[in-house]
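Engineer: The structure file target_4.tsv (TSV, N, CA and C atoms) is provided below.
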```tsv
chain	number	residue	atom	x	y	z
A	1366	MET	N	0.82	-1.20	0.00
A	1366	MET	CA	0.00	0.00	0.00
A	1366	MET	C	0.87	1.26	0.00
A	1367	GLN	N	1.94	1.21	0.79
A	1367	GLN	CA	2.81	2.38	0.88
A	1367	GLN	C	3.50	2.65	-0.46
A	1368	ARG	N	3.83	1.61	-1.21
A	1368	ARG	CA	4.45	1.79	-2.53
A	1368	ARG	C	3.48	2.46	-3.50
A	1369	VAL	N	2.22	2.09	-3.42
A	1369	VAL	CA	1.21	2.68	-4.31
A	1369	VAL	C	1.07	4.17	-4.01
A	1370	VAL	N	1.01	4.52	-2.74
A	1370	VAL	CA	0.89	5.93	-2.35
A	1370	VAL	C	2.13	6.69	-2.79
A	1371	SER	N	3.30	6.10	-2.61
A	1371	SER	CA	4.54	6.76	-3.04
A	1371	SER	C	4.56	6.97	-4.55
A	1372	ALA	N	4.13	5.97	-5.30
A	1372	ALA	CA	4.10	6.10	-6.76
A	1372	ALA	C	3.13	7.19	-7.19
A	1373	ILE	N	1.98	7.26	-6.56
A	1373	ILE	CA	0.99	8.29	-6.90
A	1373	ILE	C	1.54	9.67	-6.59
A	1374	LEU	N	2.21	9.83	-5.45
A	1374	LEU	CA	2.80	11.13	-5.09
A	1374	LEU	C	3.88	11.54	-6.08
A	1375	ILE	N	4.70	10.60	-6.51
A	1375	ILE	CA	5.75	10.91	-7.49
A	1375	ILE	C	5.13	11.35	-8.81
A	1376	ILE	N	4.10	10.65	-9.25
A	1376	ILE	CA	3.43	11.02	-10.50
A	1376	ILE	C	2.79	12.39	-10.39
A	1377	LEU	N	2.12	12.67	-9.29
A	1377	LEU	CA	1.50	13.99	-9.10
A	1377	LEU	C	2.55	15.10	-9.05
A	1378	PHE	N	3.67	14.84	-8.39
A	1378	PHE	CA	4.74	15.82	-8.34
A	1378	PHE	C	5.25	16.11	-9.74
A	1379	GLY	N	5.45	15.07	-10.53
A	1379	GLY	CA	5.91	15.24	-11.91
A	1379	GLY	C	4.94	16.03	-12.75
A	1380	ILE	N	3.66	15.75	-12.60
A	1380	ILE	CA	2.64	16.47	-13.38
A	1380	ILE	C	2.59	17.94	-12.99
A	1381	CYS	N	2.75	18.22	-11.71
A	1381	CYS	CA	2.64	19.61	-11.23
A	1381	CYS	C	3.88	20.45	-11.53
A	1382	PHE	N	5.07	19.88	-11.39
A	1382	PHE	CA	6.27	20.69	-11.44
A	1382	PHE	C	7.11	20.54	-12.70
A	1383	CYS	N	6.95	19.50	-13.46
A	1383	CYS	CA	7.74	19.36	-14.69
A	1383	CYS	C	7.46	20.45	-15.72
A	1384	PRO	N	6.21	20.89	-15.91
A	1384	PRO	CA	6.00	21.98	-16.87
A	1384	PRO	C	6.78	23.24	-16.53
A	1385	LEU	N	7.05	23.47	-15.25
A	1385	LEU	CA	7.82	24.65	-14.86
A	1385	LEU	C	9.25	24.56	-15.36
A	1386	ALA	N	9.80	23.37	-15.41
A	1386	ALA	CA	11.17	23.20	-15.88
A	1386	ALA	C	11.29	23.47	-17.38
A	1387	PHE	N	10.21	23.28	-18.10
A	1387	PHE	CA	10.24	23.47	-19.55
A	1387	PHE	C	9.52	24.74	-19.98
A	1388	ALA	N	9.26	25.64	-19.05
A	1388	ALA	CA	8.56	26.88	-19.40
A	1388	ALA	C	9.40	27.70	-20.36
A	1389	GLU	N	8.75	28.29	-21.32
A	1389	GLU	CA	9.43	29.11	-22.31
A	1389	GLU	C	9.70	30.50	-21.74
A	1390	PRO	N	10.75	31.16	-22.22
A	1390	PRO	CA	11.02	32.52	-21.77
A	1390	PRO	C	9.83	33.43	-22.04
A	1391	GLU	N	9.54	34.28	-21.08
A	1391	GLU	CA	8.36	35.13	-21.16
A	1391	GLU	C	8.44	36.15	-22.30
A	1392	ASN	N	7.32	36.34	-22.96
A	1392	ASN	CA	7.11	37.40	-23.95
A	1392	ASN	C	7.98	37.33	-25.19
A	1393	ALA	N	8.74	36.30	-25.38
A	1393	ALA	CA	9.59	36.22	-26.57
A	1393	ALA	C	8.77	35.68	-27.74
A	1394	ARG	N	8.92	36.31	-28.90
A	1394	ARG	CA	8.21	35.84	-30.09
A	1394	ARG	C	8.95	34.70	-30.77
A	1395	VAL	N	10.27	34.75	-30.72
A	1395	VAL	CA	11.09	33.70	-31.33
A	1395	VAL	C	11.93	33.06	-30.24
A	1396	ILE	N	11.84	31.74	-30.13
A	1396	ILE	CA	12.62	31.02	-29.14
A	1396	ILE	C	13.50	30.02	-29.88
A	1397	LEU	N	14.81	30.22	-29.77
A	1397	LEU	CA	15.78	29.36	-30.44
A	1397	LEU	C	16.26	28.29	-29.47
A	1398	LYS	N	16.20	27.04	-29.87
A	1398	LYS	CA	16.65	25.92	-29.04
A	1398	LYS	C	18.08	25.58	-29.42
A	1399	ILE	N	18.99	25.73	-28.45
A	1399	ILE	CA	20.42	25.53	-28.66
A	1399	ILE	C	20.91	24.47	-27.67
A	1400	ALA	N	21.77	23.57	-28.13
A	1400	ALA	CA	22.34	22.54	-27.26
A	1400	ALA	C	23.85	22.69	-27.19
A	1401	THR	N	24.41	22.26	-26.07
A	1401	THR	CA	25.86	22.28	-25.90
A	1401	THR	C	26.28	21.15	-24.97
A	1402	LEU	N	27.50	20.68	-25.14
A	1402	LEU	CA	28.05	19.67	-24.24
A	1402	LEU	C	28.55	20.29	-22.95
A	1403	ALA	N	28.77	21.59	-22.96
A	1403	ALA	CA	29.31	22.28	-21.78
A	1403	ALA	C	28.29	22.30	-20.65
A	1404	PRO	N	28.75	22.09	-19.42
A	1404	PRO	CA	27.83	22.21	-18.29
A	1404	PRO	C	27.44	23.67	-18.08
A	1405	LYS	N	26.33	23.88	-17.44
A	1405	LYS	CA	25.81	25.24	-17.26
A	1405	LYS	C	26.79	26.13	-16.50
A	1406	VAL	N	27.52	25.58	-15.55
A	1406	VAL	CA	28.43	26.40	-14.76
A	1406	VAL	C	29.61	26.93	-15.57
A	1407	SER	N	29.92	26.29	-16.70
A	1407	SER	CA	31.06	26.75	-17.49
A	1407	SER	C	30.63	27.49	-18.76
A	1408	ALA	N	29.36	27.76	-18.91
A	1408	ALA	CA	28.86	28.39	-20.13
A	1408	ALA	C	28.47	29.85	-19.90
A	1409	ASN	N	29.35	30.60	-19.23
A	1409	ASN	CA	29.05	32.00	-18.94
A	1409	ASN	C	28.89	32.83	-20.21
A	1410	SER	N	29.70	32.56	-21.21
A	1410	SER	CA	29.60	33.34	-22.45
A	1410	SER	C	28.26	33.11	-23.13
A	1411	MET	N	27.71	31.91	-23.02
A	1411	MET	CA	26.40	31.62	-23.60
A	1411	MET	C	25.32	32.46	-22.92
A	1412	GLU	N	25.39	32.57	-21.61
A	1412	GLU	CA	24.40	33.37	-20.88
A	1412	GLU	C	24.56	34.86	-21.17
A	1413	GLN	N	25.80	35.33	-21.31
A	1413	GLN	CA	26.01	36.73	-21.67
A	1413	GLN	C	25.47	37.01	-23.06
A	1414	PHE	N	25.66	36.07	-23.99
A	1414	PHE	CA	25.14	36.23	-25.34
A	1414	PHE	C	23.61	36.27	-25.32
A	1415	GLN	N	22.99	35.43	-24.50
A	1415	GLN	CA	21.53	35.43	-24.39
A	1415	GLN	C	21.02	36.79	-23.92
A	1416	LYS	N	21.67	37.34	-22.90
A	1416	LYS	CA	21.26	38.65	-22.38
A	1416	LYS	C	21.42	39.74	-23.43
A	1417	LEU	N	22.53	39.70	-24.15
A	1417	LEU	CA	22.78	40.70	-25.19
A	1417	LEU	C	21.72	40.62	-26.29
A	1418	VAL	N	21.42	39.42	-26.75
A	1418	VAL	CA	20.41	39.26	-27.80
A	1418	VAL	C	19.04	39.71	-27.30
A	1419	LYS	N	18.73	39.38	-26.08
A	1419	LYS	CA	17.44	39.77	-25.50
A	1419	LYS	C	17.31	41.29	-25.44
A	1420	GLU	N	18.39	41.96	-25.03
A	1420	GLU	CA	18.38	43.43	-24.97
A	1420	GLU	C	18.29	44.05	-26.36
A	1421	GLN	N	19.11	43.56	-27.29
A	1421	GLN	CA	19.18	44.14	-28.63
A	1421	GLN	C	17.90	43.93	-29.43
A	1422	THR	N	17.16	42.87	-29.14
A	1422	THR	CA	15.94	42.59	-29.90
A	1422	THR	C	14.68	43.04	-29.17
A	1423	GLY	N	14.85	43.72	-28.06
A	1423	GLY	CA	13.68	44.16	-27.31
A	1423	GLY	C	12.84	43.00	-26.79
A	1424	ASN	N	13.51	41.95	-26.33
A	1424	ASN	CA	12.86	40.76	-25.78
A	1424	ASN	C	12.05	39.99	-26.83
A	1425	GLU	N	12.38	40.17	-28.10
A	1425	GLU	CA	11.68	39.45	-29.18
A	1425	GLU	C	12.28	38.06	-29.41
A	1426	VAL	N	13.57	37.91	-29.12
A	1426	VAL	CA	14.26	36.64	-29.35
A	1426	VAL	C	14.81	36.14	-28.02
A	1427	ALA	N	14.55	34.87	-27.73
A	1427	ALA	CA	15.06	34.25	-26.51
A	1427	ALA	C	15.65	32.89	-26.86
A	1428	PHE	N	16.39	32.33	-25.93
A	1428	PHE	CA	17.02	31.04	-26.13
A	1428	PHE	C	16.54	30.05	-25.09
A	1429	LYS	N	16.39	28.82	-25.52
A	1429	LYS	CA	16.21	27.69	-24.62
A	1429	LYS	C	17.48	26.87	-24.81
A	1430	VAL	N	18.37	26.90	-23.83
A	1430	VAL	CA	19.67	26.24	-23.95
A	1430	VAL	C	19.64	24.93	-23.18
A	1431	TYR	N	20.07	23.88	-23.84
A	1431	TYR	CA	20.17	22.56	-23.23
A	1431	TYR	C	21.64	22.31	-22.94
A	1432	TYR	N	22.02	22.42	-21.67
A	1432	TYR	CA	23.41	22.29	-21.24
A	1432	TYR	C	23.77	20.84	-20.94
A	1433	GLY	N	25.06	20.58	-20.85
A	1433	GLY	CA	25.58	19.32	-20.33
A	1433	GLY	C	25.31	18.09	-21.18
A	1434	GLY	N	25.13	18.27	-22.47
A	1434	GLY	CA	24.90	17.12	-23.34
A	1434	GLY	C	23.56	16.44	-23.15
A	1435	ILE	N	22.60	17.16	-22.59
A	1435	ILE	CA	21.28	16.58	-22.35
A	1435	ILE	C	20.58	16.19	-23.65
A	1436	GLN	N	20.98	16.81	-24.77
A	1436	GLN	CA	20.41	16.47	-26.08
A	1436	GLN	C	21.26	15.42	-26.81
A	1437	GLY	N	22.23	14.86	-26.12
A	1437	GLY	CA	23.07	13.83	-26.73
A	1437	GLY	C	24.45	14.37	-27.08
A	1438	ASP	N	25.24	13.53	-27.76
A	1438	ASP	CA	26.58	13.96	-28.16
A	1438	ASP	C	26.48	14.83	-29.42
A	1439	GLU	N	27.62	15.22	-29.96
A	1439	GLU	CA	27.61	16.14	-31.11
A	1439	GLU	C	26.93	15.53	-32.33
A	1440	ASP	N	27.08	14.23	-32.53
A	1440	ASP	CA	26.40	13.57	-33.65
A	1440	ASP	C	24.88	13.66	-33.48
A	1441	ASP	N	24.42	13.43	-32.25
A	1441	ASP	CA	22.98	13.52	-31.98
A	1441	ASP	C	22.46	14.94	-32.18
A	1442	MET	N	23.24	15.93	-31.71
A	1442	MET	CA	22.81	17.32	-31.86
A	1442	MET	C	22.73	17.70	-33.34
A	1443	LEU	N	23.71	17.28	-34.12
A	1443	LEU	CA	23.70	17.58	-35.55
A	1443	LEU	C	22.49	16.94	-36.23
A	1444	ARG	N	22.20	15.71	-35.85
A	1444	ARG	CA	21.03	15.02	-36.40
A	1444	ARG	C	19.74	15.76	-36.02
A	1445	LYS	N	19.65	16.24	-34.78
A	1445	LYS	CA	18.46	16.96	-34.33
A	1445	LYS	C	18.31	18.30	-35.04
A	1446	ILE	N	19.42	18.92	-35.38
A	1446	ILE	CA	19.36	20.17	-36.16
A	1446	ILE	C	18.81	19.86	-37.56
A	1447	ARG	N	19.28	18.79	-38.14
A	1447	ARG	CA	18.81	18.41	-39.49
A	1447	ARG	C	17.32	18.07	-39.49
A	1448	PHE	N	16.83	17.49	-38.40
A	1448	PHE	CA	15.41	17.16	-38.29
A	1448	PHE	C	14.59	18.30	-37.68
A	1449	ARG	N	15.23	19.46	-37.50
A	1449	ARG	CA	14.59	20.67	-36.99
A	1449	ARG	C	14.04	20.52	-35.56
A	1450	GLN	N	14.67	19.65	-34.77
A	1450	GLN	CA	14.32	19.55	-33.37
A	1450	GLN	C	15.12	20.55	-32.55
A	1451	LEU	N	16.28	20.96	-33.07
A	1451	LEU	CA	17.11	22.00	-32.47
A	1451	LEU	C	17.37	23.06	-33.53
A	1452	ASP	N	17.58	24.29	-33.07
A	1452	ASP	CA	17.91	25.37	-34.00
A	1452	ASP	C	19.41	25.56	-34.15
A	1453	GLY	N	20.18	25.07	-33.19
A	1453	GLY	CA	21.63	25.22	-33.28
A	1453	GLY	C	22.31	24.50	-32.14
A	1454	ALA	N	23.64	24.52	-32.17
A	1454	ALA	CA	24.42	23.87	-31.13
A	1454	ALA	C	25.80	24.51	-31.07
A	1455	ALA	N	26.42	24.40	-29.92
A	1455	ALA	CA	27.81	24.84	-29.74
A	1455	ALA	C	28.68	23.60	-29.90
A	1456	PHE	N	29.40	23.53	-31.01
A	1456	PHE	CA	30.21	22.36	-31.33
A	1456	PHE	C	31.68	22.59	-30.98
A	1457	SER	N	32.38	21.48	-30.73
A	1457	SER	CA	33.83	21.52	-30.58
A	1457	SER	C	34.44	21.46	-31.98
A	1458	GLY	N	35.76	21.49	-32.06
A	1458	GLY	CA	36.43	21.37	-33.35
A	1458	GLY	C	36.11	20.05	-34.03
A	1459	HIS	N	35.99	19.00	-33.25
A	1459	HIS	CA	35.65	17.69	-33.80
A	1459	HIS	C	34.25	17.71	-34.42
A	1460	GLY	N	33.29	18.30	-33.70
A	1460	GLY	CA	31.92	18.38	-34.22
A	1460	GLY	C	31.82	19.25	-35.46
A	1461	LEU	N	32.55	20.36	-35.46
A	1461	LEU	CA	32.56	21.22	-36.64
A	1461	LEU	C	33.20	20.51	-37.83
A	1462	GLY	N	34.19	19.67	-37.55
A	1462	GLY	CA	34.85	18.92	-38.61
A	1462	GLY	C	33.92	17.95	-39.32
A	1463	LYS	N	32.88	17.52	-38.64
A	1463	LYS	CA	31.90	16.65	-39.29
A	1463	LYS	C	31.02	17.42	-40.26
A	1464	ILE	N	30.89	18.72	-40.02
A	1464	ILE	CA	30.08	19.57	-40.90
A	1464	ILE	C	30.94	20.11	-42.04
A	1465	VAL	N	32.09	20.67	-41.67
A	1465	VAL	CA	33.03	21.25	-42.64
A	1465	VAL	C	34.40	20.64	-42.36
A	1466	PRO	N	34.80	19.63	-43.12
A	1466	PRO	CA	36.07	18.93	-42.84
A	1466	PRO	C	37.30	19.84	-42.83
A	1467	GLN	N	37.28	20.95	-43.57
A	1467	GLN	CA	38.43	21.85	-43.61
A	1467	GLN	C	38.73	22.45	-42.24
A	1468	VAL	N	37.77	22.49	-41.35
A	1468	VAL	CA	37.99	23.04	-40.01
A	1468	VAL	C	39.00	22.20	-39.24
A	1469	ARG	N	39.10	20.94	-39.56
A	1469	ARG	CA	39.98	20.03	-38.82
A	1469	ARG	C	41.46	20.28	-39.10
A	1470	ILE	N	41.79	21.23	-39.96
A	1470	ILE	CA	43.19	21.56	-40.23
A	1470	ILE	C	43.88	22.03	-38.95
A	1471	THR	N	43.11	22.58	-38.03
A	1471	THR	CA	43.69	23.06	-36.77
A	1471	THR	C	44.12	21.92	-35.85
A	1472	GLU	N	43.75	20.70	-36.18
A	1472	GLU	CA	44.12	19.55	-35.35
A	1472	GLU	C	45.49	18.98	-35.69
A	1473	LEU	N	46.15	19.54	-36.70
A	1473	LEU	CA	47.47	19.03	-37.09
A	1473	LEU	C	48.52	19.35	-36.07
```
Show me this structure written as structure tokens.

Structural biologist:
Amino acid sequence: MQRVVSAILIILFGICFCPLAFAEPENARVILKIATLAPKVSANSMEQFQKLVKEQTGNEVAFKVYYGGIQGDEDDMLRKIRFRQLDGAAFSGHGLGKIVPQVRITEL
């Protein structure tokens, strides 16, 4: 009986609070979904860029950033961009090399 009650409470908690985690930025007309392998604590430049774009566009453009590889590795992110599930991603040199092989010249 206690397991059933615990399961029901977990489901109710998920229904009530999960939408808050995926809430879209307020008042933005365009929301760009961007993924990165970098954890949120090390992506300060991404957050500064978001603020700058928000200010320059009068809050018309906002970002939904998926940090820490939550959208998969670079191959997965590239595939999701091609299927229009993501609008962009922050790639490493290796990931960029899969798109434009000439970029890999820096790896010599």

Engineer: Return as a tab-separated table the residues of region 1392-1415 of chain A lying at most 7 Å from region 1443-1467 of chain A, together with the closest atom-to-atom pair for each and the distance in Å to one decimal, counting only C-alpha atoms, with rows in chain order and ascending residue number.

Structural biologist:
```
residue	atom	partner	partner_atom	distance
A:Leu1397	CA	A:Asp1452	CA	5.8
A:Lys1398	CA	A:Asp1452	CA	5.1
A:Ile1399	CA	A:Gly1453	CA	4.8
A:Ala1400	CA	A:Ala1454	CA	4.6
A:Thr1401	CA	A:Ala1455	CA	5.0
```

Engineer: Go ahead and write the residues just picked, N, CA and C atoms, as a PDB file, in the coordinates of the input.

Structural biologist:
```
ATOM      1  N   LEU A1397      14.810  30.220 -29.770  1.00  0.00           N
ATOM      2  CA  LEU A1397      15.780  29.360 -30.440  1.00  0.00           C
ATOM      3  C   LEU A1397      16.260  28.290 -29.470  1.00  0.00           C
ATOM      4  N   LYS A1398      16.200  27.040 -29.870  1.00  0.00           N
ATOM      5  CA  LYS A1398      16.650  25.920 -29.040  1.00  0.00           C
ATOM      6  C   LYS A1398      18.080  25.580 -29.420  1.00  0.00           C
ATOM      7  N   ILE A1399      18.990  25.730 -28.450  1.00  0.00           N
ATOM      8  CA  ILE A1399      20.420  25.530 -28.660  1.00  0.00           C
ATOM      9  C   ILE A1399      20.910  24.470 -27.670  1.00  0.00           C
ATOM     10  N   ALA A1400      21.770  23.570 -28.130  1.00  0.00           N
ATOM     11  CA  ALA A1400      22.340  22.540 -27.260  1.00  0.00           C
ATOM     12  C   ALA A1400      23.850  22.690 -27.190  1.00  0.00           C
ATOM     13  N   THR A1401      24.410  22.260 -26.070  1.00  0.00           N
ATOM     14  CA  THR A1401      25.860  22.280 -25.900  1.00  0.00           C
ATOM     15  C   THR A1401      26.280  21.150 -24.970  1.00  0.00           C
TER      16      THR A1401
END
```

Engineer: Measure the distance from CA of Val1395 (chain A) to CA of Val1426 (chain A) in Å and round it to one decimal.

Structural biologist: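 Between CA of Val1395 (chain A) and CA of Val1426 (chain A) the gap is 4.8 Å.
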
Engineer: Using atom N of Lys1416 (chain A) and atom C of Gly1434 (chain A) as the two end points, give the distance in Å to one decimal.

Structural biologist: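 Calculated distance between atom N of Lys1416 (chain A) and atom C of Gly1434 (chain A) is 21.0 Å.
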
Engineer: Tell me, in Å to one decimal, how far CA of Gln1415 (chain A) is from CA of Ala1427 (chain A).

Structural biologist: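 Computing it gives 6.9 Å between the two atoms.
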
Engineer: Which is closest to Asn1424 (chain A) among A:Asn1392, A:Glu1412, A:Leu1402, A:Asp1438, if we use only C-alpha atoms?

Structural biologist: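 Among A:Asn1392, A:Glu1412, A:Leu1402, A:Asp1438, it is A:Asn1392 that comes nearest to Asn1424 (chain A).
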